[in-house]
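target.cif (mmCIF, C-alpha atoms)
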data_run
loop_
_atom_site.label_atom_id
_atom_site.label_comp_id
_atom_site.auth_asym_id
_atom_site.auth_seq_id
_atom_site.Cartn_x
_atom_site.Cartn_y
_atom_site.Cartn_z
CA MET A 18 -159.56 140.54 52.55
CA THR A 19 -158.06 139.07 49.37
CA SER A 20 -156.58 135.58 49.26
CA ARG A 21 -153.08 137.11 49.00
CA GLU A 22 -153.64 139.12 52.17
CA ASN A 23 -154.93 135.99 53.81
CA THR A 24 -151.62 134.16 53.17
CA LEU A 25 -149.33 136.84 54.59
CA PRO A 26 -148.07 136.29 58.12
CA SER A 27 -149.33 138.59 60.82
CA GLU A 28 -147.25 141.64 61.71
CA GLU A 29 -146.00 139.90 64.87
CA SER A 30 -144.58 136.94 62.93
CA ARG A 31 -142.77 138.94 60.26
CA CYS A 32 -139.00 138.86 60.20
CA SER A 33 -137.83 142.36 61.00
CA LYS A 34 -134.65 141.92 58.94
CA CYS A 35 -136.16 140.76 55.64
CA ASN A 36 -139.88 141.43 56.03
CA ASP A 37 -140.46 137.75 55.07
CA THR A 38 -138.72 137.98 51.70
CA GLY A 39 -135.78 135.83 52.75
CA TRP A 40 -133.36 138.57 51.66
CA GLU A 41 -131.95 141.31 53.85
CA PHE A 42 -130.22 144.52 52.83
CA PHE A 43 -126.84 145.45 54.25
CA THR A 44 -124.11 147.93 53.52
CA ASP A 45 -120.71 146.48 52.75
CA LYS A 46 -117.41 147.96 53.92
CA TYR A 47 -117.29 150.22 50.84
CA GLY A 48 -120.70 151.71 51.55
CA THR A 49 -122.45 149.77 48.78
CA LYS A 50 -125.96 148.49 49.51
CA ARG A 51 -126.20 144.75 48.93
CA THR A 52 -128.49 141.84 49.72
CA ARG A 53 -127.84 138.47 51.29
CA LYS A 54 -129.87 135.55 52.51
CA CYS A 55 -131.50 136.49 55.77
CA SER A 56 -130.46 134.65 58.90
CA CYS A 57 -134.14 133.84 59.58
CA GLY A 58 -133.66 130.86 57.22
CA LEU A 59 -136.69 131.49 55.01
CA ILE A 60 -134.76 130.83 51.77
CA ASP A 61 -133.21 127.60 53.07
CA ARG A 62 -136.61 126.39 54.37
CA SER A 63 -138.17 127.19 51.01
CA ILE A 64 -135.47 125.26 49.16
CA MET A 65 -135.87 122.30 51.52
CA ASP A 66 -139.67 122.36 51.07
CA ARG A 67 -139.21 122.18 47.28
CA GLN A 68 -136.64 119.40 47.59
CA ARG A 69 -138.94 117.41 49.87
CA ALA A 70 -141.86 117.86 47.47
CA TYR A 71 -139.70 116.72 44.53
CA ALA A 72 -138.34 113.75 46.48
CA GLU A 73 -141.85 112.32 46.91
CA ILE A 74 -140.91 110.33 50.00
CA PRO A 75 -144.11 108.66 51.22
CA GLU A 76 -145.93 110.78 53.80
CA SER A 77 -145.64 108.09 56.49
CA PHE A 78 -141.83 108.19 56.19
CA LYS A 79 -141.23 111.91 55.55
CA ASP A 80 -139.82 112.55 59.04
CA ASP A 81 -137.84 109.32 59.45
CA ARG A 82 -134.13 109.74 60.03
CA LEU A 83 -131.30 107.34 60.74
CA ASP A 84 -131.16 108.29 64.40
CA SER A 85 -134.87 107.48 64.78
CA PHE A 86 -134.62 104.06 63.09
CA LYS A 87 -135.38 101.43 65.74
CA THR A 88 -133.14 98.39 65.35
CA THR A 89 -134.35 96.78 68.59
CA ILE A 90 -137.59 95.51 67.02
CA TYR A 91 -135.78 93.04 64.74
CA LYS A 92 -135.51 89.36 65.63
CA ASP A 93 -132.14 88.83 63.97
CA LYS A 94 -130.01 91.39 65.80
CA ALA A 95 -126.83 90.33 63.97
CA ILE A 96 -128.24 91.12 60.51
CA ILE A 97 -129.62 94.54 61.48
CA ALA A 98 -126.40 95.35 63.34
CA GLU A 99 -124.36 94.51 60.22
CA ALA A 100 -126.71 96.55 57.98
CA SER A 101 -126.47 99.51 60.38
CA LYS A 102 -122.67 99.21 60.46
CA THR A 103 -122.55 99.22 56.64
CA ILE A 104 -124.82 102.28 56.42
CA ARG A 105 -122.73 104.15 59.02
CA TYR A 106 -119.55 103.30 57.08
CA TRP A 107 -121.16 104.52 53.85
CA PHE A 108 -122.14 107.84 55.48
CA ARG A 109 -118.70 108.33 57.07
CA ASN A 110 -117.22 107.96 53.58
CA LEU A 111 -120.07 109.68 51.74
CA ASP A 112 -118.02 111.93 49.47
CA LYS A 113 -115.83 109.04 48.32
CA MET A 114 -118.84 106.75 47.89
CA MET A 115 -120.69 109.35 45.80
CA ASP A 116 -117.60 110.15 43.71
CA GLU A 117 -117.13 106.45 42.96
CA GLY A 118 -120.84 105.83 42.32
CA ILE A 119 -121.15 103.39 45.21
CA GLY A 120 -124.71 103.25 46.44
CA LEU A 121 -126.62 101.14 48.90
CA TYR A 122 -128.81 98.16 48.11
CA ILE A 123 -131.24 97.07 50.82
CA SER A 124 -132.71 93.64 50.35
CA SER A 125 -134.87 91.26 52.33
CA SER A 126 -137.33 88.61 51.23
CA THR A 127 -139.47 89.39 54.28
CA LYS A 128 -142.37 91.76 53.65
CA GLY A 129 -142.53 94.48 56.31
CA SER A 130 -138.90 94.08 57.30
CA GLY A 131 -138.21 97.83 57.25
CA LYS A 132 -136.57 98.21 53.82
CA THR A 133 -138.73 101.17 52.81
CA ARG A 134 -138.40 102.83 56.21
CA MET A 135 -134.61 102.45 56.10
CA ALA A 136 -134.43 103.72 52.50
CA ALA A 137 -136.59 106.72 53.41
CA SER A 138 -134.43 107.40 56.48
CA ILE A 139 -131.30 107.35 54.33
CA ALA A 140 -132.96 109.57 51.70
CA ASN A 141 -134.05 112.09 54.35
CA GLU A 142 -130.57 112.10 55.87
CA LEU A 143 -128.96 112.73 52.47
CA MET A 144 -131.41 115.49 51.66
CA ILE A 145 -131.60 117.26 55.02
CA GLU A 146 -128.09 116.83 56.40
CA ASN A 147 -126.10 116.68 53.17
CA GLY A 148 -128.20 118.80 50.80
CA TYR A 149 -128.40 116.14 48.08
CA PRO A 150 -131.41 116.21 45.77
CA VAL A 151 -133.33 112.95 46.15
CA LYS A 152 -136.04 111.21 44.15
CA PHE A 153 -137.97 108.39 45.85
CA ALA A 154 -140.15 106.18 43.66
CA THR A 155 -141.38 102.65 43.29
CA SER A 156 -140.34 100.67 40.25
CA ILE A 157 -144.01 100.63 39.16
CA GLN A 158 -144.15 104.45 39.35
CA ILE A 159 -141.04 104.73 37.18
CA LEU A 160 -142.41 102.29 34.61
CA THR A 161 -145.76 104.15 34.59
CA GLU A 162 -143.96 107.48 34.04
CA ILE A 163 -141.96 105.97 31.18
CA ARG A 164 -145.09 104.47 29.62
CA SER A 165 -146.90 107.82 29.87
CA THR A 166 -144.19 109.43 27.72
CA TRP A 167 -145.22 107.20 24.81
CA ASP A 168 -148.40 109.27 24.54
CA LYS A 169 -147.54 112.08 22.10
CA THR A 170 -149.74 114.52 24.07
CA SER A 171 -147.92 113.92 27.38
CA GLY A 172 -145.53 116.84 26.92
CA THR A 173 -142.55 114.81 28.15
CA SER A 174 -140.31 112.63 26.05
CA GLU A 175 -138.97 109.30 27.21
CA SER A 176 -135.39 110.50 26.79
CA ARG A 177 -136.08 113.62 28.88
CA LEU A 178 -137.60 111.54 31.69
CA LEU A 179 -134.73 109.05 31.59
CA ASN A 180 -132.26 111.94 31.61
CA GLN A 181 -133.96 113.37 34.72
CA LEU A 182 -133.86 109.99 36.44
CA THR A 183 -130.22 109.35 35.60
CA SER A 184 -129.01 112.84 36.47
CA ILE A 185 -130.57 113.07 39.95
CA LYS A 186 -127.90 112.81 42.65
CA VAL A 187 -129.81 110.18 44.68
CA LEU A 188 -132.47 107.90 43.23
CA VAL A 189 -134.24 105.57 45.66
CA LEU A 190 -136.12 102.76 43.96
CA ASP A 191 -138.50 100.90 46.22
CA ASP A 192 -140.10 97.64 45.25
#
Could you quickly redo this structure as C-alpha coordinates?
Amino acid sequence: MTSRENTLPSEESRCSKCNDTGWEFFTDKYGTKRTRKCSCGLIDRSIMDRQRAYAEIPESFKDDRLDSFKTTIYKDKAIIAEASKTIRYWFRNLDKMMDEGIGLYISSSTKGSGKTRMAASIANELMIENGYPVKFATSIQILTEIRSTWDKTSGTSESRLLNQLTSIKVLVLDD
(Lines of atoms letter the chains of each structure in order from A and count residues from 1; the text may use other names and numbers.)
(Lines give C-alpha, C1' and ligand atoms only; values in the text may rest on other atoms or scores of the structure.)
Protein backbone atom coordinates (compact mmCIF):
# COMPACT_ATOMS: atom_id res chain seq x y z
CA MET A 1 0.00 0.00 0.00
CA THR A 2 1.39 3.44 -0.90
CA SER A 3 1.50 6.29 1.60
CA ARG A 4 -1.32 8.03 -0.31
CA GLU A 5 -3.54 4.96 0.00
CA ASN A 6 -2.66 4.82 3.66
CA THR A 7 -4.04 8.35 4.24
CA LEU A 8 -7.41 7.80 2.56
CA PRO A 9 -10.34 7.11 4.85
CA SER A 10 -11.86 3.65 4.78
CA GLU A 11 -14.85 3.05 2.53
CA GLU A 12 -17.18 3.14 5.56
CA SER A 13 -16.05 6.63 6.59
CA ARG A 14 -16.30 8.24 3.16
CA CYS A 15 -18.93 10.89 2.61
CA SER A 16 -21.37 9.48 0.09
CA LYS A 17 -22.22 12.96 -1.25
CA CYS A 18 -18.71 14.24 -1.99
CA ASN A 19 -16.51 11.16 -1.73
CA ASP A 20 -14.34 13.15 0.75
CA THR A 21 -13.54 15.97 -1.66
CA GLY A 22 -15.63 18.53 0.21
CA TRP A 23 -17.54 19.36 -2.99
CA GLU A 24 -20.77 17.77 -4.13
CA PHE A 25 -22.38 17.85 -7.55
CA PHE A 26 -25.98 18.94 -7.99
CA THR A 27 -28.25 19.92 -10.82
CA ASP A 28 -29.74 23.39 -10.63
CA LYS A 29 -33.30 24.27 -11.64
CA TYR A 30 -32.17 24.81 -15.26
CA GLY A 31 -30.65 21.34 -15.51
CA THR A 32 -27.05 22.59 -15.30
CA LYS A 33 -24.60 20.47 -13.31
CA ARG A 34 -22.89 22.52 -10.62
CA THR A 35 -20.83 22.03 -7.48
CA ARG A 36 -21.21 23.36 -3.97
CA LYS A 37 -19.61 22.83 -0.61
CA CYS A 38 -20.77 19.54 0.78
CA SER A 39 -22.90 19.55 3.90
CA CYS A 40 -20.44 17.10 5.52
CA GLY A 41 -18.36 20.17 6.45
CA LEU A 42 -15.02 18.94 5.13
CA ILE A 43 -14.17 22.29 3.49
CA ASP A 44 -15.07 24.31 6.59
CA ARG A 45 -13.06 21.94 8.84
CA SER A 46 -10.10 22.22 6.49
CA ILE A 47 -10.27 26.02 6.55
CA MET A 48 -10.52 26.02 10.35
CA ASP A 49 -7.55 23.63 10.62
CA ARG A 50 -5.45 26.02 8.50
CA GLN A 51 -6.61 29.03 10.51
CA ARG A 52 -5.76 27.28 13.78
CA ALA A 53 -2.32 26.32 12.47
CA TYR A 54 -1.67 29.91 11.34
CA ALA A 55 -2.93 31.33 14.65
CA GLU A 56 -0.23 29.44 16.57
CA ILE A 57 -2.20 29.48 19.81
CA PRO A 58 -0.16 27.51 22.35
CA GLU A 59 -1.14 23.84 22.44
CA SER A 60 -2.18 24.00 26.10
CA PHE A 61 -4.75 26.71 25.26
CA LYS A 62 -5.95 25.55 21.82
CA ASP A 63 -9.33 24.36 23.11
CA ASP A 64 -9.98 27.15 25.63
CA ARG A 65 -13.13 29.17 25.06
CA LEU A 66 -14.84 31.95 26.95
CA ASP A 67 -17.53 29.64 28.29
CA SER A 68 -14.86 27.33 29.74
CA PHE A 69 -12.91 30.13 31.45
CA LYS A 70 -13.19 29.57 35.21
CA THR A 71 -13.59 32.85 37.07
CA THR A 72 -14.24 31.16 40.43
CA ILE A 73 -10.55 30.41 41.02
CA TYR A 74 -9.64 34.10 41.41
CA LYS A 75 -9.22 35.70 44.83
CA ASP A 76 -10.43 39.14 43.77
CA LYS A 77 -13.90 38.33 42.45
CA ALA A 78 -14.70 42.00 41.75
CA ILE A 79 -11.78 42.44 39.33
CA ILE A 80 -12.47 39.24 37.37
CA ALA A 81 -16.19 40.05 37.30
CA GLU A 82 -15.43 43.51 35.85
CA ALA A 83 -13.00 42.04 33.28
CA SER A 84 -15.61 39.43 32.27
CA LYS A 85 -18.27 42.14 31.97
CA THR A 86 -15.97 44.21 29.73
CA ILE A 87 -15.17 41.22 27.50
CA ARG A 88 -18.89 40.32 27.19
CA TYR A 89 -19.67 43.95 26.26
CA TRP A 90 -16.89 43.91 23.66
CA PHE A 91 -18.26 40.70 22.09
CA ARG A 92 -21.86 41.97 22.09
CA ASN A 93 -20.62 45.00 20.13
CA LEU A 94 -17.98 43.13 18.13
CA ASP A 95 -18.74 44.57 14.70
CA LYS A 96 -18.67 48.14 16.01
CA MET A 97 -15.53 47.48 18.05
CA MET A 98 -13.72 45.98 15.05
CA ASP A 99 -14.87 48.78 12.72
CA GLU A 100 -13.57 51.37 15.17
CA GLY A 101 -10.33 49.49 15.87
CA ILE A 102 -11.14 49.02 19.55
CA GLY A 103 -9.32 46.02 20.93
CA LEU A 104 -8.84 44.50 24.33
CA TYR A 105 -5.83 44.94 26.59
CA ILE A 106 -5.45 42.42 29.41
CA SER A 107 -3.02 43.42 32.11
CA SER A 108 -1.97 42.12 35.50
CA SER A 109 1.30 42.37 37.36
CA THR A 110 0.69 38.92 38.84
CA LYS A 111 2.41 36.06 37.02
CA GLY A 112 0.00 33.17 36.41
CA SER A 113 -3.09 35.33 36.74
CA GLY A 114 -4.73 33.91 33.61
CA LYS A 115 -3.88 36.63 31.06
CA THR A 116 -2.63 34.17 28.44
CA ARG A 117 -5.52 31.78 29.03
CA MET A 118 -8.03 34.61 28.69
CA ALA A 119 -6.32 35.97 25.56
CA ALA A 120 -6.29 32.49 24.01
CA SER A 121 -9.96 32.01 24.92
CA ILE A 122 -10.84 35.30 23.23
CA ALA A 123 -8.71 34.41 20.18
CA ASN A 124 -10.38 30.99 19.87
CA GLU A 125 -13.82 32.57 20.21
CA LEU A 126 -13.04 35.12 17.49
CA MET A 127 -11.66 32.47 15.19
CA ILE A 128 -14.18 29.67 15.74
CA GLU A 129 -17.41 31.57 16.35
CA ASN A 130 -16.76 34.69 14.29
CA GLY A 131 -14.45 33.42 11.54
CA TYR A 132 -11.77 36.06 12.13
CA PRO A 133 -8.20 35.18 11.19
CA VAL A 134 -6.04 35.33 14.32
CA LYS A 135 -2.30 35.41 14.97
CA PHE A 136 -1.10 34.65 18.51
CA ALA A 137 2.52 35.44 19.35
CA THR A 138 4.74 36.59 22.14
CA SER A 139 6.53 39.90 21.81
CA ILE A 140 9.84 37.99 21.78
CA GLN A 141 8.62 35.84 18.85
CA ILE A 142 7.66 38.95 16.89
CA LEU A 143 11.02 40.61 17.56
CA THR A 144 12.83 37.38 16.58
CA GLU A 145 10.84 37.20 13.33
CA ILE A 146 11.68 40.84 12.56
CA ARG A 147 15.36 40.27 13.35
CA SER A 148 15.45 37.20 11.08
CA THR A 149 14.34 39.36 8.13
CA TRP A 150 17.60 41.31 8.38
CA ASP A 151 19.39 38.22 7.06
CA LYS A 152 19.42 38.65 3.27
CA THR A 153 18.99 34.88 2.81
CA SER A 154 15.80 34.70 4.92
CA GLY A 155 13.47 35.08 1.94
CA THR A 156 11.21 37.50 3.82
CA SER A 157 11.61 41.25 4.00
CA GLU A 158 10.98 43.26 7.14
CA SER A 159 8.30 45.30 5.38
CA ARG A 160 6.51 42.15 4.20
CA LEU A 161 6.49 40.70 7.72
CA LEU A 162 5.29 43.98 9.22
CA ASN A 163 2.60 44.18 6.54
CA GLN A 164 1.42 40.66 7.46
CA LEU A 165 1.34 41.56 11.15
CA THR A 166 -0.53 44.81 10.61
CA SER A 167 -3.04 43.40 8.13
CA ILE A 168 -4.18 40.40 10.21
CA LYS A 169 -7.69 40.94 11.57
CA VAL A 170 -6.77 39.92 15.14
CA LEU A 171 -3.24 40.03 16.54
CA VAL A 172 -2.76 38.74 20.08
CA LEU A 173 0.53 39.78 21.63
CA ASP A 174 1.40 37.92 24.80
CA ASP A 175 4.18 38.99 27.10
Best match for closeness to Gly118 in chain A among A:Val187, A:Ile74, A:Met65, A:Ile159, counting all atoms listed in the file: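 Ranking A:Val187, A:Ile74, A:Met65, A:Ile159 by distance to Gly118 in chain A, first place goes to A:Val187.
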Can you turn the PyMOL selection byres ((chain A and resi 93-103) around 12) into a concrete residue list for this file, as a VMD selection string? chain A and resid 83 to 84 86 to 92 104 to 111 120 to 125 130 to 132 135 to 136 138 to 139
If you apply the PyMOL selection byres ((chain A and resi 160-168) around 12) to this file, what residues do you get, as a PyMOL selection string? chain A and resi 154-159+169-182+190+192
May I have the selected residues written with C-alpha atoms, as a CSV table (one decimal), in the frame of the given file?
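Below is the file again.csv, written as the result:
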chain,number,residue,atom,x,y,z
A,154,ALA,CA,-140.2,106.2,43.7
A,155,THR,CA,-141.4,102.6,43.3
A,156,SER,CA,-140.3,100.7,40.2
A,157,ILE,CA,-144.0,100.6,39.2
A,158,GLN,CA,-144.2,104.4,39.4
A,159,ILE,CA,-141.0,104.7,37.2
A,169,LYS,CA,-147.5,112.1,22.1
A,170,THR,CA,-149.7,114.5,24.1
A,171,SER,CA,-147.9,113.9,27.4
A,172,GLY,CA,-145.5,116.8,26.9
A,173,THR,CA,-142.6,114.8,28.2
A,174,SER,CA,-140.3,112.6,26.0
A,175,GLU,CA,-139.0,109.3,27.2
A,176,SER,CA,-135.4,110.5,26.8
A,177,ARG,CA,-136.1,113.6,28.9
A,178,LEU,CA,-137.6,111.5,31.7
A,179,LEU,CA,-134.7,109.0,31.6
A,180,ASN,CA,-132.3,111.9,31.6
A,181,GLN,CA,-134.0,113.4,34.7
A,182,LEU,CA,-133.9,110.0,36.4
A,190,LEU,CA,-136.1,102.8,44.0
A,192,ASP,CA,-140.1,97.6,45.2
Could you expand the PyMOL selection byres ((chain A and resi 188) around 9) into the explicit residues it covers here, written as a list in words?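 Expected selection for the PyMOL selection byres ((chain A and resi 188) around 9) here is Ala72, Ala140, Pro150, Val151, Lys152, Phe153, Ala154, Leu182, Thr183, Ile185, Lys186, Val187, Val189 and Leu190 of chain A.
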Please provide as JSON, numbers by chain all residues within 12 Å of Arg69 in chain A, with the sequence filter that same-chain residues fewer than 5 positions apart are discarded (counting only C-alpha atoms). {"A": [62, 63, 64, 74, 75, 76, 78, 79, 80, 137, 140, 141, 142, 143, 144, 145, 148, 149, 150, 151, 152, 153]}
Keeping C-alpha atoms, export the residues of the selection given above as a CSV table (one decimal), keeping the file's coordinate frame.
chain,number,residue,atom,x,y,z
A,62,ARG,CA,-136.6,126.4,54.4
A,63,SER,CA,-138.2,127.2,51.0
A,64,ILE,CA,-135.5,125.3,49.2
A,74,ILE,CA,-140.9,110.3,50.0
A,75,PRO,CA,-144.1,108.7,51.2
A,76,GLU,CA,-145.9,110.8,53.8
A,78,PHE,CA,-141.8,108.2,56.2
A,79,LYS,CA,-141.2,111.9,55.6
A,80,ASP,CA,-139.8,112.6,59.0
A,137,ALA,CA,-136.6,106.7,53.4
A,140,ALA,CA,-133.0,109.6,51.7
A,141,ASN,CA,-134.0,112.1,54.4
A,142,GLU,CA,-130.6,112.1,55.9
A,143,LEU,CA,-129.0,112.7,52.5
A,144,MET,CA,-131.4,115.5,51.7
A,145,ILE,CA,-131.6,117.3,55.0
A,148,GLY,CA,-128.2,118.8,50.8
A,149,TYR,CA,-128.4,116.1,48.1
A,150,PRO,CA,-131.4,116.2,45.8
A,151,VAL,CA,-133.3,113.0,46.2
A,152,LYS,CA,-136.0,111.2,44.2
A,153,PHE,CA,-138.0,108.4,45.8
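For the pair CA of Arg134 in chain A and CA of Asp81 in chain A, the separation is 7.3 Å.
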Quick one, how far is CA of Ile60 in chain A from CA of Ser85 in chain A?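 So the answer is 26.7 Å.
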Find the distance between CA of Leu59 in chain A and CA of Lys46 in chain A and write it in Å to one decimal.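 Computing the Euclidean distance for CA of Leu59 in chain A and CA of Lys46 in chain A yields 25.4 Å.
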Which of these, A:Asn36, A:Ser126, A:Gln68, A:Thr44, has the shortest distance to Ser56 in chain A once you count only C-alpha atoms?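 Distance minimum relative to Ser56 in chain A lands on A:Asn36.
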Taking N, CA and C atoms as the atom set, what does range 97-119 of chain A look like once completed, written as a PDB file, in the coordinates of the input?
ATOM      1  N   ILE A  97    -129.344  93.098  61.429  1.00  0.00           N
ATOM      2  CA  ILE A  97    -129.620  94.540  61.480  1.00  0.00           C
ATOM      3  C   ILE A  97    -128.399  95.305  61.982  1.00  0.00           C
ATOM      4  N   ALA A  98    -127.628  94.703  62.864  1.00  0.00           N
ATOM      5  CA  ALA A  98    -126.400  95.350  63.340  1.00  0.00           C
ATOM      6  C   ALA A  98    -125.393  95.491  62.197  1.00  0.00           C
ATOM      7  N   GLU A  99    -125.279  94.457  61.367  1.00  0.00           N
ATOM      8  CA  GLU A  99    -124.360  94.510  60.220  1.00  0.00           C
ATOM      9  C   GLU A  99    -124.832  95.533  59.189  1.00  0.00           C
ATOM     10  N   ALA A 100    -126.149  95.563  58.933  1.00  0.00           N
ATOM     11  CA  ALA A 100    -126.710  96.550  57.980  1.00  0.00           C
ATOM     12  C   ALA A 100    -126.457  97.961  58.501  1.00  0.00           C
ATOM     13  N   SER A 101    -126.688  98.191  59.780  1.00  0.00           N
ATOM     14  CA  SER A 101    -126.470  99.510  60.380  1.00  0.00           C
ATOM     15  C   SER A 101    -124.998  99.910  60.294  1.00  0.00           C
ATOM     16  N   LYS A 102    -124.113  98.954  60.536  1.00  0.00           N
ATOM     17  CA  LYS A 102    -122.670  99.210  60.460  1.00  0.00           C
ATOM     18  C   LYS A 102    -122.286  99.612  59.032  1.00  0.00           C
ATOM     19  N   THR A 103    -122.836  98.918  58.048  1.00  0.00           N
ATOM     20  CA  THR A 103    -122.550  99.220  56.640  1.00  0.00           C
ATOM     21  C   THR A 103    -123.043 100.623  56.277  1.00  0.00           C
ATOM     22  N   ILE A 104    -124.245 100.959  56.711  1.00  0.00           N
ATOM     23  CA  ILE A 104    -124.820 102.280  56.420  1.00  0.00           C
ATOM     24  C   ILE A 104    -123.998 103.382  57.082  1.00  0.00           C
ATOM     25  N   ARG A 105    -123.590 103.165  58.338  1.00  0.00           N
ATOM     26  CA  ARG A 105    -122.730 104.150  59.020  1.00  0.00           C
ATOM     27  C   ARG A 105    -121.401 104.334  58.295  1.00  0.00           C
ATOM     28  N   TYR A 106    -120.812 103.227  57.838  1.00  0.00           N
ATOM     29  CA  TYR A 106    -119.550 103.300  57.080  1.00  0.00           C
ATOM     30  C   TYR A 106    -119.769 104.103  55.808  1.00  0.00           C
ATOM     31  N   TRP A 107    -120.863 103.823  55.101  1.00  0.00           N
ATOM     32  CA  TRP A 107    -121.160 104.520  53.850  1.00  0.00           C
ATOM     33  C   TRP A 107    -121.289 106.019  54.098  1.00  0.00           C
ATOM     34  N   PHE A 108    -121.984 106.412  55.167  1.00  0.00           N
ATOM     35  CA  PHE A 108    -122.140 107.840  55.480  1.00  0.00           C
ATOM     36  C   PHE A 108    -120.827 108.483  55.909  1.00  0.00           C
ATOM     37  N   ARG A 109    -120.004 107.767  56.657  1.00  0.00           N
ATOM     38  CA  ARG A 109    -118.700 108.330  57.070  1.00  0.00           C
ATOM     39  C   ARG A 109    -117.826 108.610  55.848  1.00  0.00           C
ATOM     40  N   ASN A 110    -118.014 107.834  54.794  1.00  0.00           N
ATOM     41  CA  ASN A 110    -117.220 107.960  53.580  1.00  0.00           C
ATOM     42  C   ASN A 110    -118.073 108.458  52.419  1.00  0.00           C
ATOM     43  N   LEU A 111    -119.061 109.269  52.712  1.00  0.00           N
ATOM     44  CA  LEU A 111    -120.070 109.680  51.740  1.00  0.00           C
ATOM     45  C   LEU A 111    -119.483 110.317  50.486  1.00  0.00           C
ATOM     46  N   ASP A 112    -118.582 111.259  50.652  1.00  0.00           N
ATOM     47  CA  ASP A 112    -118.020 111.930  49.470  1.00  0.00           C
ATOM     48  C   ASP A 112    -117.329 110.935  48.549  1.00  0.00           C
ATOM     49  N   LYS A 113    -116.527 110.062  49.118  1.00  0.00           N
ATOM     50  CA  LYS A 113    -115.830 109.040  48.320  1.00  0.00           C
ATOM     51  C   LYS A 113    -116.840 108.102  47.668  1.00  0.00           C
ATOM     52  N   MET A 114    -117.832 107.664  48.424  1.00  0.00           N
ATOM     53  CA  MET A 114    -118.840 106.750  47.890  1.00  0.00           C
ATOM     54  C   MET A 114    -119.581 107.402  46.720  1.00  0.00           C
ATOM     55  N   MET A 115    -119.962 108.651  46.869  1.00  0.00           N
ATOM     56  CA  MET A 115    -120.690 109.350  45.800  1.00  0.00           C
ATOM     57  C   MET A 115    -119.782 109.554  44.585  1.00  0.00           C
ATOM     58  N   ASP A 116    -118.536 109.945  44.825  1.00  0.00           N
ATOM     59  CA  ASP A 116    -117.600 110.150  43.710  1.00  0.00           C
ATOM     60  C   ASP A 116    -117.387 108.862  42.914  1.00  0.00           C
ATOM     61  N   GLU A 117    -117.374 107.739  43.611  1.00  0.00           N
ATOM     62  CA  GLU A 117    -117.130 106.450  42.960  1.00  0.00           C
ATOM     63  C   GLU A 117    -118.419 105.766  42.510  1.00  0.00           C
ATOM     64  N   GLY A 118    -119.566 106.412  42.752  1.00  0.00           N
ATOM     65  CA  GLY A 118    -120.840 105.830  42.320  1.00  0.00           C
ATOM     66  C   GLY A 118    -121.253 104.613  43.123  1.00  0.00           C
ATOM     67  N   ILE A 119    -120.802 104.532  44.355  1.00  0.00           N
ATOM     68  CA  ILE A 119    -121.150 103.390  45.210  1.00  0.00           C
ATOM     69  C   ILE A 119    -122.390 103.737  46.011  1.00  0.00           C
TER      70      ILE A 119
END
